[in-house]
Structure formats: structure tokens, C-alpha cells
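Enquirer: This is structure15.tsv, which holds TSV, C-alpha atoms:
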chain	number	residue	atom	x	y	z
A	23	MET	CA	0.00	0.00	0.00
A	24	LYS	CA	1.07	3.61	-0.46
A	25	VAL	CA	0.47	6.82	1.48
A	26	THR	CA	1.22	9.64	-0.92
A	27	ALA	CA	1.84	12.71	1.23
A	28	VAL	CA	4.66	11.32	3.32
A	29	LYS	CA	6.20	8.66	1.07
A	30	ILE	CA	5.43	5.37	2.78
A	31	VAL	CA	5.49	2.00	1.06
A	32	ALA	CA	4.88	-1.34	2.75
A	33	LYS	CA	4.43	-5.00	1.93
A	34	THR	CA	3.98	-8.26	3.80
A	35	ASP	CA	4.27	-11.78	2.40
A	36	LYS	CA	4.06	-15.25	3.95
A	37	GLY	CA	7.25	-16.31	2.19
A	38	MET	CA	7.95	-19.56	0.37
A	39	ILE	CA	7.70	-22.06	3.25
A	40	ARG	CA	5.20	-20.98	5.90
A	41	GLU	CA	1.51	-21.80	5.49
A	42	SER	CA	0.29	-18.60	7.15
A	43	ASN	CA	1.56	-15.08	7.76
A	44	GLN	CA	2.12	-14.26	11.43
A	45	ASP	CA	3.51	-10.81	10.64
A	46	ALA	CA	1.30	-7.73	10.86
A	47	TYR	CA	1.86	-4.04	10.16
A	48	ALA	CA	0.13	-0.68	9.90
A	49	VAL	CA	1.22	2.69	8.55
A	50	GLY	CA	-0.32	6.13	8.46
A	51	GLU	CA	0.13	9.86	8.54
A	52	LEU	CA	-0.60	12.51	11.14
A	53	PRO	CA	-1.10	16.29	10.91
A	54	GLY	CA	1.94	18.22	9.68
A	55	GLU	CA	3.25	15.55	7.28
A	56	VAL	CA	4.17	13.23	10.11
A	57	ALA	CA	4.47	9.52	9.30
A	58	TRP	CA	4.11	6.52	11.59
A	59	ALA	CA	4.51	2.77	11.19
A	60	VAL	CA	4.40	-0.37	13.32
A	61	VAL	CA	5.68	-3.85	12.38
A	62	CYS	CA	5.14	-7.02	14.43
A	63	ASP	CA	6.22	-10.65	14.04
A	64	GLY	CA	4.03	-13.03	16.02
A	65	MET	CA	5.04	-16.25	17.74
A	66	GLY	CA	3.31	-19.00	19.66
A	67	GLY	CA	1.75	-21.42	17.20
A	68	ALA	CA	-0.28	-20.62	14.10
A	69	ALA	CA	-3.28	-19.10	15.86
A	70	GLY	CA	-1.32	-17.48	18.69
A	71	GLY	CA	1.23	-15.76	16.48
A	72	ASN	CA	-1.42	-14.34	14.18
A	73	ILE	CA	-3.52	-13.07	17.06
A	74	ALA	CA	-0.60	-11.56	19.02
A	75	SER	CA	0.80	-9.58	16.09
A	76	ALA	CA	-2.59	-8.36	14.87
A	77	LEU	CA	-3.69	-7.31	18.37
A	78	ALA	CA	-0.42	-5.51	19.10
A	79	VAL	CA	-0.56	-3.61	15.80
A	80	LYS	CA	-4.15	-2.55	16.47
A	81	VAL	CA	-3.48	-1.37	20.02
A	82	ILE	CA	-0.34	0.56	19.06
A	83	SER	CA	-1.95	2.11	15.97
A	84	ASP	CA	-5.03	3.20	17.91
A	85	LYS	CA	-2.89	4.73	20.65
A	86	ILE	CA	-0.73	6.69	18.18
A	87	ASN	CA	-3.74	8.02	16.27
A	88	ALA	CA	-5.64	8.94	19.43
A	89	SER	CA	-2.81	10.51	21.41
A	90	TYR	CA	-0.52	12.31	18.94
A	91	ASN	CA	-0.75	16.07	18.58
A	92	GLU	CA	1.37	18.55	16.64
A	93	ASN	CA	2.59	20.39	19.74
A	94	MET	CA	4.19	17.34	21.35
A	95	LYS	CA	7.76	17.69	22.56
A	96	ASP	CA	10.29	15.03	21.60
A	97	SER	CA	10.08	13.54	25.08
A	98	SER	CA	6.30	13.24	24.73
A	99	ILE	CA	6.66	11.28	21.50
A	100	LYS	CA	9.00	8.87	23.27
A	101	ASN	CA	6.42	8.52	26.05
A	102	LEU	CA	3.67	7.96	23.48
A	103	LEU	CA	5.54	5.07	21.84
A	104	ASP	CA	6.42	3.64	25.24
A	105	SER	CA	2.82	3.77	26.47
A	106	ALA	CA	1.49	2.34	23.19
A	107	ILE	CA	3.77	-0.71	23.36
A	108	THR	CA	3.10	-1.11	27.09
A	109	ALA	CA	-0.65	-1.10	26.41
A	110	ALA	CA	-0.18	-3.71	23.68
A	111	ASN	CA	1.88	-5.84	26.06
A	112	ILE	CA	-0.91	-5.82	28.64
A	113	GLU	CA	-3.59	-6.73	26.07
A	114	VAL	CA	-1.61	-9.59	24.52
A	115	TYR	CA	-0.50	-10.93	27.91
A	116	ASP	CA	-4.04	-10.83	29.32
A	117	MET	CA	-5.51	-12.60	26.28
A	118	ALA	CA	-2.85	-15.33	26.42
A	119	ASP	CA	-3.42	-15.71	30.16
A	120	SER	CA	-7.20	-16.10	29.76
A	121	ARG	CA	-7.19	-18.59	26.88
A	122	PRO	CA	-5.21	-21.82	27.38
A	123	GLU	CA	-4.87	-22.42	23.63
A	124	LEU	CA	-3.00	-19.11	23.32
A	125	LYS	CA	-0.62	-19.64	26.24
A	126	GLY	CA	2.90	-18.48	25.39
A	127	MET	CA	1.96	-16.28	22.45
A	128	GLY	CA	3.75	-13.01	21.90
A	129	THR	CA	5.16	-10.77	19.21
A	130	THR	CA	8.18	-8.67	18.38
A	131	VAL	CA	7.58	-4.99	17.65
A	132	VAL	CA	9.37	-2.15	15.94
A	133	CYS	CA	7.53	1.12	15.51
A	134	SER	CA	8.39	4.67	14.53
A	135	ILE	CA	7.07	8.19	14.29
A	136	VAL	CA	8.89	10.42	11.78
A	137	ARG	CA	8.59	14.21	11.95
A	138	ASP	CA	10.77	17.26	11.33
A	139	ASN	CA	13.71	15.19	10.04
A	140	GLN	CA	13.71	13.03	13.17
A	141	ALA	CA	12.89	9.34	13.49
A	142	PHE	CA	11.61	8.19	16.87
A	143	ILE	CA	11.97	4.39	17.04
A	144	ALA	CA	10.90	1.93	19.74
A	145	HIS	CA	11.37	-1.82	19.63
A	146	ALA	CA	11.39	-5.12	21.50
A	147	GLY	CA	12.64	-8.33	19.91
A	148	ASP	CA	14.51	-8.86	16.67
A	149	SER	CA	12.42	-6.90	14.19
A	150	ARG	CA	14.73	-4.16	12.95
A	151	ALA	CA	15.10	-0.56	11.83
A	152	TYR	CA	17.70	0.55	9.28
A	153	ILE	CA	18.51	3.94	7.79
A	154	ALA	CA	19.84	4.06	4.25
A	155	ASP	CA	20.86	6.64	1.68
A	156	LYS	CA	22.47	6.35	-1.74
A	157	SER	CA	25.89	5.55	-0.29
A	158	SER	CA	25.35	3.38	2.81
A	159	ILE	CA	23.00	1.51	5.12
A	160	LYS	CA	23.10	1.33	8.92
A	161	GLN	CA	21.22	-0.89	11.36
A	162	ILE	CA	19.72	1.33	14.07
A	163	THR	CA	18.14	-1.20	16.41
A	164	THR	CA	19.95	-3.92	18.34
A	165	ASP	CA	18.33	-7.36	18.32
A	166	HIS	CA	16.98	-8.51	21.66
A	167	SER	CA	18.08	-12.10	21.11
A	168	MET	CA	20.16	-14.81	22.72
A	169	VAL	CA	22.65	-14.72	19.85
A	170	GLN	CA	23.06	-10.93	19.99
A	171	ALA	CA	23.79	-11.26	23.72
A	172	LEU	CA	26.56	-13.73	22.89
A	173	VAL	CA	27.99	-11.25	20.36
A	174	ASP	CA	27.82	-8.43	22.91
A	175	GLU	CA	29.69	-10.60	25.43
A	176	GLY	CA	32.39	-11.39	22.87
A	177	LYS	CA	31.62	-15.12	22.92
A	178	ILE	CA	30.85	-15.32	19.20
A	179	THR	CA	31.52	-13.07	16.22
A	180	PRO	CA	28.81	-11.29	14.23
A	181	GLU	CA	29.64	-13.64	11.35
A	182	GLU	CA	29.11	-16.69	13.57
A	183	ALA	CA	25.81	-15.20	14.75
A	184	GLU	CA	24.38	-15.23	11.24
A	185	ASN	CA	24.16	-19.04	11.16
A	186	HIS	CA	23.89	-19.81	14.88
A	187	PRO	CA	21.39	-22.59	15.76
A	188	ASN	CA	19.76	-20.38	18.43
A	189	LYS	CA	19.41	-17.43	16.10
A	190	ASN	CA	15.61	-17.25	16.47
A	191	ILE	CA	15.47	-17.22	20.29
A	192	ILE	CA	14.50	-13.70	21.37
A	193	THR	CA	14.88	-12.23	24.84
A	194	ARG	CA	12.17	-9.55	24.72
A	195	ALA	CA	8.69	-9.64	23.21
A	196	VAL	CA	5.24	-8.12	23.59
A	197	GLY	CA	2.86	-10.24	25.68
A	198	VAL	CA	5.26	-12.75	27.19
A	199	ASP	CA	5.59	-11.13	30.63
A	200	LYS	CA	3.49	-8.66	32.61
A	201	LYS	CA	6.10	-5.97	32.03
A	202	ILE	CA	8.14	-5.22	28.92
A	203	ASP	CA	11.53	-3.59	28.51
A	204	ILE	CA	11.37	-1.26	25.50
A	205	GLU	CA	14.42	0.17	23.75
A	206	PHE	CA	14.18	3.65	22.24
A	207	ASN	CA	16.20	5.52	19.62
A	208	GLN	CA	15.87	9.09	18.33
A	209	ILE	CA	17.97	9.79	15.26
A	210	PRO	CA	18.14	12.34	12.43
A	211	LEU	CA	16.46	11.32	9.18
A	212	ASN	CA	17.88	13.67	6.60
A	213	ASP	CA	16.72	14.42	3.08
A	214	GLU	CA	17.49	11.54	0.71
A	215	GLU	CA	17.50	9.06	3.62
A	216	THR	CA	15.02	6.22	4.05
A	217	LEU	CA	13.91	4.46	7.22
A	218	ILE	CA	13.36	0.71	6.77
A	219	LEU	CA	11.39	-1.30	9.33
A	220	CYS	CA	11.31	-5.08	8.86
A	221	THR	CA	10.79	-8.48	10.43
A	222	ASP	CA	13.50	-11.14	10.58
A	223	GLY	CA	12.03	-12.77	7.49
A	224	LEU	CA	13.90	-10.03	5.66
A	225	SER	CA	17.01	-9.63	7.81
A	226	ASN	CA	17.66	-13.40	8.04
A	227	TYR	CA	17.49	-13.88	4.28
A	228	VAL	CA	18.82	-10.62	2.86
A	229	SER	CA	22.26	-9.40	3.93
A	230	SER	CA	22.93	-5.74	4.63
A	231	ASN	CA	24.89	-5.54	1.37
A	232	GLU	CA	22.01	-7.06	-0.59
A	233	LEU	CA	19.55	-4.79	1.18
A	234	PHE	CA	21.59	-1.77	0.19
A	235	GLU	CA	21.95	-2.94	-3.42
A	236	ASN	CA	18.16	-3.08	-3.75
A	237	ILE	CA	17.51	0.44	-2.47
A	238	SER	CA	20.60	2.44	-3.46
A	239	ASP	CA	18.90	3.99	-6.50
A	240	GLY	CA	16.58	6.01	-4.26
A	241	GLN	CA	13.37	4.85	-5.94
A	242	TYR	CA	11.56	4.43	-2.62
A	243	TYR	CA	8.24	3.37	-4.14
A	244	ALA	CA	9.86	0.09	-5.27
A	245	PHE	CA	11.75	-0.70	-2.05
A	246	ALA	CA	9.16	-2.89	-0.30
A	247	ASP	CA	8.40	-4.97	-3.39
A	248	ARG	CA	12.07	-5.44	-4.23
A	249	LEU	CA	13.10	-6.49	-0.73
A	250	VAL	CA	10.26	-8.98	-0.30
A	251	LYS	CA	11.10	-10.47	-3.69
A	252	LYS	CA	14.80	-10.69	-2.75
A	253	ALA	CA	14.01	-12.50	0.52
A	254	ASN	CA	11.83	-14.99	-1.35
A	255	ASN	CA	14.50	-15.50	-4.01
A	256	ASN	CA	16.98	-16.25	-1.20
A	257	GLY	CA	14.78	-19.00	0.22
A	258	GLY	CA	11.83	-17.19	1.78
A	259	GLY	CA	11.93	-19.38	4.87
A	260	ASP	CA	9.87	-17.02	7.01
A	261	ASN	CA	7.15	-14.39	6.77
A	262	ILE	CA	8.50	-11.11	5.39
A	263	THR	CA	7.35	-7.57	6.18
A	264	VAL	CA	8.99	-4.36	4.99
A	265	VAL	CA	7.99	-0.73	5.57
A	266	ALA	CA	9.97	2.11	3.99
A	267	ILE	CA	9.51	5.77	4.96
A	268	ALA	CA	11.37	8.12	2.65
A	269	ASN	CA	12.24	11.66	3.69
For the structure just supplied, provide its representation as C-alpha cells.

Expert:
Amino acid sequence: MKVTAVKIVAKTDKGMIRESNQDAYAVGELPGEVAWAVVCDGMGGAAGGNIASALAVKVISDKINASYNENMKDSSIKNLLDSAITAANIEVYDMADSRPELKGMGTTVVCSIVRDNQAFIAHAGDSRAYIADKSSIKQITTDHSMVQALVDEGKITPEEAENHPNKNIITRAVGVDKKIDIEFNQIPLNDEETLILCTDGLSNYVSSNELFENISDGQYYAFADRLVKKANNNGGGDNITVVAIAN
């Protein structure tokens, strides 16, 4: 789908292997040419993963749309994202707690509000945010995963992490515990730069170099389609979701 005023493109795909798509996303715009997006990757069985990601996206989207105003300070935007994810955590946790068939469900989240050449990003889990321009790409978020913890501790190299057997074990997620630890980033998003939000169905199958190759021409409207296609061409072993917000 496309939102014309603020240059957002997005696509989700179940990939080549999975029978259903447990990813969910939403995008939109707010007064003053402000863009927002939320991407979630559900877990906990077919039904649980679908429900967790869809519920989290709805709660976060509703909170952003209801609570944002043009006069918000930067700190208030951070608080808005924090409270939106916290609210989603409570809803997903309570639903899983009340329905035995959904026990253990949860979802990653990465969400962003972009305004005045600033990207406000909040995340939990291993869904990622990147910023790219015509010369480089940089990963902004740090995965909340067992393998990333091993890298941080110097026990394995980043190269070893890419094919580690525990690569998919995450250490933070929406709905798994009563409380959630949310990481926040505020970074400049300059002209000619693009913010990419994605699930691990992209990042596990498309390297940073390949990601950059597919978006370096600056034709933002093609980014989501290209990256989903690249992930599928590289095996498509997981659901894939990509959102691109171009400045």
C-alpha cells in the first residue's frame, strides 16, 4: 500500500515455506506531514502468532492516532511510543493468560514516528530498523536475542551469529511477561534518507549488502516490493514484512 503525502510504502508476504503469515503491520500519517509505522512478528503457534501480532498492531496504531498532537515535545513522542507498546503488552498478555490455547503467544515490535527530520523508534525483539541513503546503510536497532547477547559478550563473532542454531530465540517480546523492557532511539532522518522497518524474514534472508543494493537507486516506491522479492528468491523461509519511509 502507499500513502502519498509522506512517502510510505509497505508490503507483507508469507514467504515460500510458511503456510500462514504471522507478521502484521500498519502505517499512516498525522497532521503536519508526520508519518508513523508499526511492524510485528508473532510467535506461539499458528493461531497465537497471528492473534498476538494483529492485536499488538491494532493497540499501538489506535494509541498513536488517538494521542498524537502537533505540539508534542520530543520527550512526549517517546512517552507515546512507550505507552502504546506497554498497552499492547498488557492486552496480549491478558488474552494469552485467559485462553489456554493461546498460552505463550507473543510478538516482536518495531515502531516509529517520523517528523521534522527526526525518526523516533521503539522496539522489543529482533524486528529491525535501518537507515539508508544512496551511499550506505546502517542498522539502528539492536536485536533482543540470545545470539546478539553472545555477540555483545564477545563469545561469538557477528559472522558466527548469522548461522547460529539459536538465532531465532529472542529475549524480549510483547505479551510474554506482565512488564516489557522497550528500547528507544531518536535519530536524524535527513533528506534523501530512508527508514526501513522489517521483520527477521527479511534480515535473516537478505544481507545488509544485498539490502543496500536493492535500495541504493533512491526509488523508494519500489523498495518494499524489491526487498520482499529478494528474501523470497533467497529461500523465503519465514514471513516477510517491509515498511519504507522516505524523507

Enquirer: Have a look at CA of Ser105 (chain A) and CA of Asn207 (chain A) and let me know their distance in Å, one decimal.

Expert: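 About the pair CA of Ser105 (chain A) and CA of Asn207 (chain A): they are 15.1 Å apart.
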
Enquirer: Just to confirm, what's the straight-line distance from CA of Ile73 (chain A) to CA of Val31 (chain A) in Å (one decimal)?

Expert: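 Result for CA of Ile73 (chain A) versus CA of Val31 (chain A): 23.8 Å, one decimal.
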
Enquirer: So, with only C-alpha atoms as the atoms that count, which of A:Lys252, A:Ala69, A:Glu92, A:Gln170 lies closest to Arg121 (chain A)?

Expert: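 Among the listed residues, A:Ala69 lies closest to Arg121 (chain A).
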
Enquirer: Between CA of Asp199 (chain A) and CA of Ile112 (chain A), measure the distance and give it in Å to one decimal.

Expert: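 Answer for the CA of Asp199 (chain A) to CA of Ile112 (chain A) separation: 8.6 Å.
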
Enquirer: Which of these, A:Ile30, A:Leu172, A:Pro122, A:Ala106, has the shortest distance to Ala246 (chain A) once you count all atoms listed in the file?

Expert: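 Looking at the shortest contact to Ala246 (chain A), the residue is A:Ile30.
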
Enquirer: Using all atoms listed in the file, which residue out of A:Ala78, A:Ala110, A:Ile218, A:Leu124 lies closest to Ile143 (chain A)?

Expert: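 Result for the nearest residue to Ile143 (chain A): A:Ile218.
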
Enquirer: With distances taken over all atoms listed in the file, which of A:Val228, A:Ala57, A:Ile267, A:Cys133 is nearest to Phe245 (chain A)?

Expert: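 So, comparing all the options, the nearest one is A:Ile267.
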
Enquirer: Residues at most 9 Å from Ile159 (chain A), counting all atoms listed in the file, excluding those fewer than 6 positions away in the same chain, as an MDAnalysis selection string?

Expert: chainID A and resid 152:153 230:231 233:234 238

Enquirer: Which residues are close to Val264 (chain A), i.e. within 7 Å by all atoms listed in the file, leaving aside same-chain residues fewer than 2 positions away? Reply as a VMD selection string.

Expert: chain A and resid 32 to 34 218 to 220 246 262 266

Enquirer: I'd like to know which of A:Val56, A:Val132, A:Val81, A:Ala76 is closest to Ala195 (chain A), using all atoms listed in the file.

Expert: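 Of the candidates, the smallest distance to Ala195 (chain A) is held by A:Val132.
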
Enquirer: Using all atoms listed in the file, which protein or nucleic acid residues come within 12 Å of Lys100 (chain A)? Drop anything in the same chain fewer than 6 positions from it, and give the result as a list in words.

Expert: Ile86, Tyr90, Met94, Ala106, Ile107, Cys133, Ser134, Ile135, Val136, Gln140, Ala141, Phe142, Ile143, Ala144, His145, Ile204, Glu205, Phe206, Asn207 and Gln208 of chain A

Enquirer: Here is a test: counting only C-alpha atoms, which residue of A:Lys200, A:Arg137, A:Arg150, A:Lys189 is nearest to Lys95 (chain A)?

Expert: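 Of A:Lys200, A:Arg137, A:Arg150, A:Lys189, the one nearest Lys95 (chain A) is A:Arg137, counting only C-alpha atoms.
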
Enquirer: (18.1, 20.1, 5.1) in this file's frame - what residues fall within 12 Å of it? Use all atoms listed in the file and give the answer as a PDB file with C-alpha atoms, keeping the file's coordinate frame.

Expert:
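Once everything was written out, this is point.pdb:
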ATOM      1  CA  ASP A 138      10.770  17.260  11.330  1.00  0.00           C
ATOM      2  CA  ASN A 139      13.710  15.190  10.040  1.00  0.00           C
ATOM      3  CA  GLN A 140      13.710  13.030  13.170  1.00  0.00           C
ATOM      4  CA  PRO A 210      18.140  12.340  12.430  1.00  0.00           C
ATOM      5  CA  LEU A 211      16.460  11.320   9.180  1.00  0.00           C
ATOM      6  CA  ASN A 212      17.880  13.670   6.600  1.00  0.00           C
ATOM      7  CA  ASP A 213      16.720  14.420   3.080  1.00  0.00           C
ATOM      8  CA  GLU A 214      17.490  11.540   0.710  1.00  0.00           C
ATOM      9  CA  GLU A 215      17.500   9.060   3.620  1.00  0.00           C
ATOM     10  CA  ASN A 269      12.240  11.660   3.690  1.00  0.00           C
TER      11      ASN A 269
END

Enquirer: In the coordinates of the file, take the point (16.0, -4.3, -4.7) and a cut-off of 6 Å; then, counting all atoms listed in the file, name each qualifying protein, DNA or RNA residue as number ranges by chain.

Expert: A: 236-237, 248-249
